[in-house]
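In what follows, a structure is listed as structure tokens, so that the remarks can point back to it.
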Amino acid sequence: MNFEQSFTQQQNQVQKMAMTQQLQQSIQMLQYNQEDLLTFLNQKALGNPLIEITSPQERPAEKLSAADYASTIPHNRDDEELNFMNQIPDTYLSLFEYLTEQIHLTMRETYLRELVLWLTEYLDTNGYLTISLEEAAQLTQAQELQLLDALTLLQQLEPAGVGARNLQECLLLQIERDETAPNMAYLLLEEEFELFATRKWKEITRKLDISLNEIQIISDFVQTLSPYPGALFNGETEQYLKPDLFVKIESDDLKVISIKTGLPVISFQKDYYHDMMQVKDQDVTKFMKDKYAEYEWLKRSLVQRGDTILRVGTAIVEKQKSFFLMPEHPIQPLTLKDIALELDIHESTVSRSVNGKYLETAFGVFELKHFFTNALNLTKTNQSPTTEDPATVSAEQVKQKLTELIETENKQKPLSDQKLVDLLTAEGVEISRRTIAKYRDALFIPPSSKRKRFE
């Protein structure tokens with residue numbers, strides 16, 4: 001047996017791209033929305049004395065160049081002022097502050113008022129009480145009857161329904177104050193809430209001697225009540241959209257314009273740089289050169305980010321012309337890959353360019369990823385067997401058709417999911433019942449059992 005070992009040396013050329021820190025950060029900058037971009041740039045400015053970042057809110061009007069104004073966009077002056085004002089959050093009170101203000105204005109300084117104030121600290125953001133009266137009695141050493149009186153006072157404050165311990169009590173508190181409430185509404189929800197919620201209405205008719213039509217009227221009224229009375233005071237939910245692009249429509253011509261006014265401005269501290277370069281110290285000189293290079297890179301990356309978003313947005317608008325020109329605003333099948341091939345860029349670049357970026361139109365503001373939807377096969381009943389490529393229809397078009405079918409259905413005999421499948425199949429759209437249910441949920445349309453009306 002031959003146990004000889006042979007050693008050979010071979011040289012191979014391999015091409016490999018190193019992901020530098022600057023390249024990673026350029027990718028991140030494309031992914032960021034305007035708020036995240038401002039945060040990122042401010043962090044960079046903390047470590048670079050040559051950079052000053054000015055946020056849009058800090059930029060005085062007289063120092064803005066004409067190119068920075070949204071006047072390049074076809075709004076009238078009133079619209080510009082309105083758009084600007086819409087981005088300024090209103091000052092608001094929290095639910096706790098709003099209730100505390102009412103308590104001090106309407107109640108005398110007594111022990112009972114102190115208990116009411118104490119209970120407000122145990123309300124969640126939706127206005128519900130999160131502690132039982134028994135637990136409250138142990139913590140405060142107050143009698144449960146005193147705490148019940150305090151809770152009653154709390155529940156008389158605005159908004160109606162605050163201080164409730166469950167959904168049933170929340171709705172009852174609102175019904176109690178509403179003079180327009182149907183006569184039997186309070187009694188029905190007080191005595192048969194579970195049957196009402198599970199739509200076992202025929203059983204309620206026997207118990208309360210009430211007709212299905214009357215229950216339907218009560219149900220319609222209950223839909224106008226708020227299950228979360230404190231949610232209006234949750235200031236953290238306030239968000240203000242800042243569009244990145246605008247679509248200008250002239251006849252059948254579409255033009256996409258980049259909006260600059262919402263972007264932060266990066267400025268170079270020229271005087272400081274020149275002063276520091278006069279210092280005869282190699283370390284200082286090297287530090288200044290490095291920071292100047294970082295400034296130049298940031299400036300180029302910002303321009304590249306804007307150009308990429310504009311290119312992607314323009315390609316999307318071109319593919320979705322019917323959405324902007326037709327009154328029905330139909331969305332055609334479109335994927336990230338379609339745009340990537342069109343622009344000769346990677347799909348991940350398209351994904352980063354559309355996520356969190358918004359397009360303003362004359363009829364609303366839309367996130368760029370809103371225009372991407374998968375295509376479904378559409379098999380026409382009169383299609384020739386030799387036809388190679390079946391027609392396609394977008395998921396959005398199916399949702400639109402689904403909405404139309406449900407809006408025009410007989411409300412006494414609403415269409416089941418299977419019946420909707422049959423109707424769409426008859427029109428040449430092959431779709432499963434499970435997909436119908438998924439689309440219906442996405443459209444916030446309840447199942448047929450919940451849509452049935454008794455009139």
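Within each chain, counting starts at residue 1; across the structure tokens, chains are named A, B, ... in the order shown, with ligands numbered 1 upward in that order.
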I'd like the contact shell of Leu95 (chain A) - 8 Å cut-off, only C-alpha atoms, skipping same-chain residues fewer than 5 positions apart - returned as a PyMOL selection string.
chain A and resi 125+127+230+233-234
Which residues, written as a PyMOL selection string, have at least one atom at most 12 Å from Tyr228 (chain A), with only C-alpha atoms counted and residues fewer than 4 positions away on the same chain left out?
chain A and resi 95+123-129+159-171+174+224+232-234
Would you mind exporting the chosen residues as an mmCIF file, in the first residue's frame, restricted to N, CA and C atoms?
```cif
data_model
loop_
_atom_site.group_PDB
_atom_site.id
_atom_site.type_symbol
_atom_site.label_atom_id
_atom_site.label_comp_id
_atom_site.auth_asym_id
_atom_site.auth_seq_id
_atom_site.Cartn_x
_atom_site.Cartn_y
_atom_site.Cartn_z
ATOM 1 N N LEU A 95 -55.049 61.292 29.210
ATOM 2 C CA LEU A 95 -56.320 60.947 29.851
ATOM 3 C C LEU A 95 -56.273 61.271 31.337
ATOM 4 N N LEU A 123 -56.190 53.530 35.814
ATOM 5 C CA LEU A 123 -56.852 53.406 34.515
ATOM 6 C C LEU A 123 -55.815 53.091 33.453
ATOM 7 N N ASP A 124 -56.162 52.204 32.511
ATOM 8 C CA ASP A 124 -55.237 51.948 31.406
ATOM 9 C C ASP A 124 -55.455 52.994 30.311
ATOM 10 N N THR A 125 -54.700 52.896 29.229
ATOM 11 C CA THR A 125 -54.768 53.911 28.180
ATOM 12 C C THR A 125 -56.120 53.946 27.483
ATOM 13 N N ASN A 126 -56.908 52.872 27.604
ATOM 14 C CA ASN A 126 -58.234 52.843 26.993
ATOM 15 C C ASN A 126 -59.324 53.356 27.928
ATOM 16 N N GLY A 127 -58.943 53.678 29.187
ATOM 17 C CA GLY A 127 -59.910 54.227 30.132
ATOM 18 C C GLY A 127 -60.539 53.209 31.055
ATOM 19 N N TYR A 128 -60.072 51.957 31.028
ATOM 20 C CA TYR A 128 -60.642 50.911 31.876
ATOM 21 C C TYR A 128 -59.933 50.854 33.227
ATOM 22 N N LEU A 129 -60.696 50.544 34.273
ATOM 23 C CA LEU A 129 -60.124 50.404 35.610
ATOM 24 C C LEU A 129 -59.431 49.052 35.718
ATOM 25 N N PRO A 159 -64.316 61.240 29.169
ATOM 26 C CA PRO A 159 -65.322 60.797 28.189
ATOM 27 C C PRO A 159 -66.245 59.734 28.775
ATOM 28 N N ALA A 160 -67.447 59.670 28.240
ATOM 29 C CA ALA A 160 -68.419 58.685 28.712
ATOM 30 C C ALA A 160 -67.848 57.281 28.534
ATOM 31 N N GLY A 161 -67.975 56.471 29.579
ATOM 32 C CA GLY A 161 -67.453 55.109 29.546
ATOM 33 C C GLY A 161 -66.165 54.939 30.318
ATOM 34 N N VAL A 162 -65.540 56.052 30.714
ATOM 35 C CA VAL A 162 -64.292 55.963 31.447
ATOM 36 C C VAL A 162 -64.549 55.373 32.828
ATOM 37 N N GLY A 163 -63.591 54.603 33.317
ATOM 38 C CA GLY A 163 -63.728 53.980 34.631
ATOM 39 C C GLY A 163 -64.459 52.653 34.599
ATOM 40 N N ALA A 164 -64.843 52.190 33.412
ATOM 41 C CA ALA A 164 -65.535 50.905 33.308
ATOM 42 C C ALA A 164 -64.583 49.772 33.650
ATOM 43 N N ARG A 165 -65.178 48.665 34.140
ATOM 44 C CA ARG A 165 -64.348 47.519 34.497
ATOM 45 C C ARG A 165 -64.388 46.420 33.440
ATOM 46 N N ASN A 166 -65.273 46.568 32.470
ATOM 47 C CA ASN A 166 -65.337 45.626 31.356
ATOM 48 C C ASN A 166 -66.093 46.303 30.214
ATOM 49 N N LEU A 167 -66.143 45.629 29.081
ATOM 50 C CA LEU A 167 -66.790 46.211 27.903
ATOM 51 C C LEU A 167 -68.279 46.444 28.142
ATOM 52 N N GLN A 168 -68.936 45.527 28.787
ATOM 53 C CA GLN A 168 -70.373 45.680 29.034
ATOM 54 C C GLN A 168 -70.652 46.953 29.828
ATOM 55 N N GLU A 169 -69.902 47.159 30.911
ATOM 56 C CA GLU A 169 -70.110 48.355 31.731
ATOM 57 C C GLU A 169 -69.753 49.614 30.957
ATOM 58 N N CYS A 170 -68.730 49.552 30.116
ATOM 59 C CA CYS A 170 -68.319 50.699 29.296
ATOM 60 C C CYS A 170 -69.459 51.148 28.373
ATOM 61 N N LEU A 171 -70.108 50.177 27.718
ATOM 62 C CA LEU A 171 -71.212 50.503 26.808
ATOM 63 C C LEU A 171 -72.428 51.001 27.572
ATOM 64 N N GLN A 174 -72.171 54.614 28.511
ATOM 65 C CA GLN A 174 -72.411 55.514 27.381
ATOM 66 C C GLN A 174 -73.895 55.578 27.019
ATOM 67 N N THR A 224 -72.123 52.687 17.172
ATOM 68 C CA THR A 224 -71.671 54.083 17.214
ATOM 69 C C THR A 224 -70.940 54.413 18.515
ATOM 70 N N LEU A 232 -58.649 58.109 22.642
ATOM 71 C CA LEU A 232 -58.499 59.416 21.982
ATOM 72 C C LEU A 232 -57.419 60.265 22.634
ATOM 73 N N PHE A 233 -57.072 59.950 23.878
ATOM 74 C CA PHE A 233 -56.099 60.757 24.614
ATOM 75 C C PHE A 233 -54.705 60.154 24.569
ATOM 76 N N ASN A 234 -54.541 59.081 23.797
ATOM 77 C CA ASN A 234 -53.233 58.444 23.692
ATOM 78 C C ASN A 234 -52.412 59.172 22.649
#
```
Show me, as a ChimeraX atom specification, the residues that have an atom within 8 Å of region 355-363 of chain A when counting only C-alpha atoms, minus same-chain residues fewer than 3 positions from it.
/A:31-33,241-248,313,351-352,366-369
Nearest-residue call for Ser26 (chain A), choices A:Thr425, A:Gln332, A:Gln304, A:Gln143, using only C-alpha atoms
A:Gln304
Atom pair CA of Gln155 (chain A) + CA of Glu214 (chain A), distance 28.1 Å
Going by DSSP on the backbone, which residues of region 207-394 of chain A come out as strand (DSSP E or B)? List them as a PyMOL selection string.
chain A and resi 245-250+253-258+265-268+334+358-361+364-367+373+375-378+391-394
Please dump the current selection as an mmCIF file, in the first residue's frame; keep N, CA and C atoms.
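Saved to result.cif:
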```
data_model
loop_
_atom_site.group_PDB
_atom_site.id
_atom_site.type_symbol
_atom_site.label_atom_id
_atom_site.label_comp_id
_atom_site.auth_asym_id
_atom_site.auth_seq_id
_atom_site.Cartn_x
_atom_site.Cartn_y
_atom_site.Cartn_z
ATOM 1 N N LEU A 245 -42.430 62.105 -2.248
ATOM 2 C CA LEU A 245 -42.640 62.366 -3.665
ATOM 3 C C LEU A 245 -44.030 62.930 -3.897
ATOM 4 N N PHE A 246 -44.185 63.605 -5.020
ATOM 5 C CA PHE A 246 -45.487 64.129 -5.406
ATOM 6 C C PHE A 246 -45.728 63.813 -6.881
ATOM 7 N N VAL A 247 -46.970 63.429 -7.212
ATOM 8 C CA VAL A 247 -47.323 63.146 -8.595
ATOM 9 C C VAL A 247 -48.092 64.326 -9.165
ATOM 10 N N LYS A 248 -47.536 64.912 -10.210
ATOM 11 C CA LYS A 248 -48.191 66.011 -10.905
ATOM 12 C C LYS A 248 -48.903 65.434 -12.127
ATOM 13 N N ILE A 249 -50.213 65.691 -12.218
ATOM 14 C CA ILE A 249 -51.020 65.142 -13.301
ATOM 15 C C ILE A 249 -51.486 66.280 -14.209
ATOM 16 N N GLU A 250 -51.102 66.199 -15.460
ATOM 17 C CA GLU A 250 -51.547 67.162 -16.463
ATOM 18 C C GLU A 250 -52.088 66.382 -17.650
ATOM 19 N N ASP A 253 -50.581 63.043 -18.716
ATOM 20 C CA ASP A 253 -49.140 63.052 -18.464
ATOM 21 C C ASP A 253 -48.881 63.057 -16.965
ATOM 22 N N LEU A 254 -48.025 62.160 -16.508
ATOM 23 C CA LEU A 254 -47.687 62.055 -15.087
ATOM 24 C C LEU A 254 -46.231 62.425 -14.876
ATOM 25 N N LYS A 255 -45.981 63.255 -13.880
ATOM 26 C CA LYS A 255 -44.610 63.632 -13.553
ATOM 27 C C LYS A 255 -44.408 63.482 -12.044
ATOM 28 N N VAL A 256 -43.347 62.775 -11.672
ATOM 29 C CA VAL A 256 -43.038 62.556 -10.261
ATOM 30 C C VAL A 256 -41.977 63.562 -9.823
ATOM 31 N N ILE A 257 -42.276 64.271 -8.732
ATOM 32 C CA ILE A 257 -41.395 65.323 -8.234
ATOM 33 C C ILE A 257 -40.950 64.975 -6.819
ATOM 34 N N SER A 258 -39.669 65.171 -6.546
ATOM 35 C CA SER A 258 -39.135 64.913 -5.206
ATOM 36 C C SER A 258 -39.438 66.094 -4.295
ATOM 37 N N VAL A 265 -31.193 69.222 6.574
ATOM 38 C CA VAL A 265 -30.136 69.846 5.787
ATOM 39 C C VAL A 265 -28.795 69.631 6.499
ATOM 40 N N ILE A 266 -27.804 69.205 5.745
ATOM 41 C CA ILE A 266 -26.462 69.002 6.311
ATOM 42 C C ILE A 266 -25.570 70.156 5.879
ATOM 43 N N SER A 267 -24.943 70.812 6.843
ATOM 44 C CA SER A 267 -24.100 71.985 6.566
ATOM 45 C C SER A 267 -22.660 71.724 7.009
ATOM 46 N N PHE A 268 -21.735 72.318 6.298
ATOM 47 C CA PHE A 268 -20.306 72.160 6.586
ATOM 48 C C PHE A 268 -19.790 73.385 7.340
ATOM 49 N N LEU A 334 -48.031 44.059 -9.729
ATOM 50 C CA LEU A 334 -46.682 44.614 -9.772
ATOM 51 C C LEU A 334 -45.868 44.030 -8.632
ATOM 52 N N TYR A 358 -43.421 57.825 1.174
ATOM 53 C CA TYR A 358 -44.808 58.144 0.822
ATOM 54 C C TYR A 358 -44.889 59.012 -0.422
ATOM 55 N N LEU A 359 -45.965 58.790 -1.165
ATOM 56 C CA LEU A 359 -46.237 59.500 -2.404
ATOM 57 C C LEU A 359 -47.518 60.306 -2.242
ATOM 58 N N GLU A 360 -47.432 61.603 -2.478
ATOM 59 C CA GLU A 360 -48.597 62.471 -2.341
ATOM 60 C C GLU A 360 -49.281 62.646 -3.693
ATOM 61 N N THR A 361 -50.604 62.538 -3.691
ATOM 62 C CA THR A 361 -51.401 62.768 -4.890
ATOM 63 C C THR A 361 -52.485 63.789 -4.561
ATOM 64 N N GLY A 364 -54.908 61.909 -2.073
ATOM 65 C CA GLY A 364 -54.461 61.196 -0.885
ATOM 66 C C GLY A 364 -52.964 60.938 -0.884
ATOM 67 N N VAL A 365 -52.469 60.426 0.244
ATOM 68 C CA VAL A 365 -51.053 60.077 0.401
ATOM 69 C C VAL A 365 -50.954 58.566 0.552
ATOM 70 N N PHE A 366 -50.047 57.953 -0.195
ATOM 71 C CA PHE A 366 -49.931 56.494 -0.205
ATOM 72 C C PHE A 366 -48.476 56.087 0.001
ATOM 73 N N GLU A 367 -48.278 55.020 0.783
ATOM 74 C CA GLU A 367 -46.935 54.461 0.912
ATOM 75 C C GLU A 367 -46.577 53.786 -0.407
ATOM 76 N N THR A 373 -48.571 44.454 -5.624
ATOM 77 C CA THR A 373 -49.551 43.419 -5.308
ATOM 78 C C THR A 373 -49.311 42.223 -6.202
ATOM 79 N N ALA A 375 -50.057 38.945 -8.505
ATOM 80 C CA ALA A 375 -51.041 38.643 -9.543
ATOM 81 C C ALA A 375 -51.688 37.293 -9.277
ATOM 82 N N LEU A 376 -52.988 37.202 -9.527
ATOM 83 C CA LEU A 376 -53.708 35.944 -9.430
ATOM 84 C C LEU A 376 -54.059 35.470 -10.840
ATOM 85 N N ASN A 377 -54.085 34.162 -11.018
ATOM 86 C CA ASN A 377 -54.460 33.638 -12.324
ATOM 87 C C ASN A 377 -55.920 33.909 -12.613
ATOM 88 N N LEU A 378 -56.202 34.284 -13.825
ATOM 89 C CA LEU A 378 -57.567 34.555 -14.259
ATOM 90 C C LEU A 378 -57.853 33.679 -15.466
ATOM 91 N N ALA A 391 -54.677 35.385 -18.441
ATOM 92 C CA ALA A 391 -54.718 36.771 -17.976
ATOM 93 C C ALA A 391 -54.469 36.810 -16.482
ATOM 94 N N THR A 392 -54.078 37.948 -15.974
ATOM 95 C CA THR A 392 -53.850 38.078 -14.534
ATOM 96 C C THR A 392 -54.663 39.223 -13.981
ATOM 97 N N VAL A 393 -54.973 39.120 -12.717
ATOM 98 C CA VAL A 393 -55.702 40.164 -12.022
ATOM 99 C C VAL A 393 -55.040 40.349 -10.673
ATOM 100 N N SER A 394 -54.925 41.568 -10.205
ATOM 101 C CA SER A 394 -54.217 41.819 -8.956
ATOM 102 C C SER A 394 -55.105 41.498 -7.755
#
```
Please compute the CA of Pro264 (chain A)-CA of Leu93 (chain A) distance, one decimal, in Å.
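CA of Pro264 (chain A) sits 29.2 Å away from CA of Leu93 (chain A).
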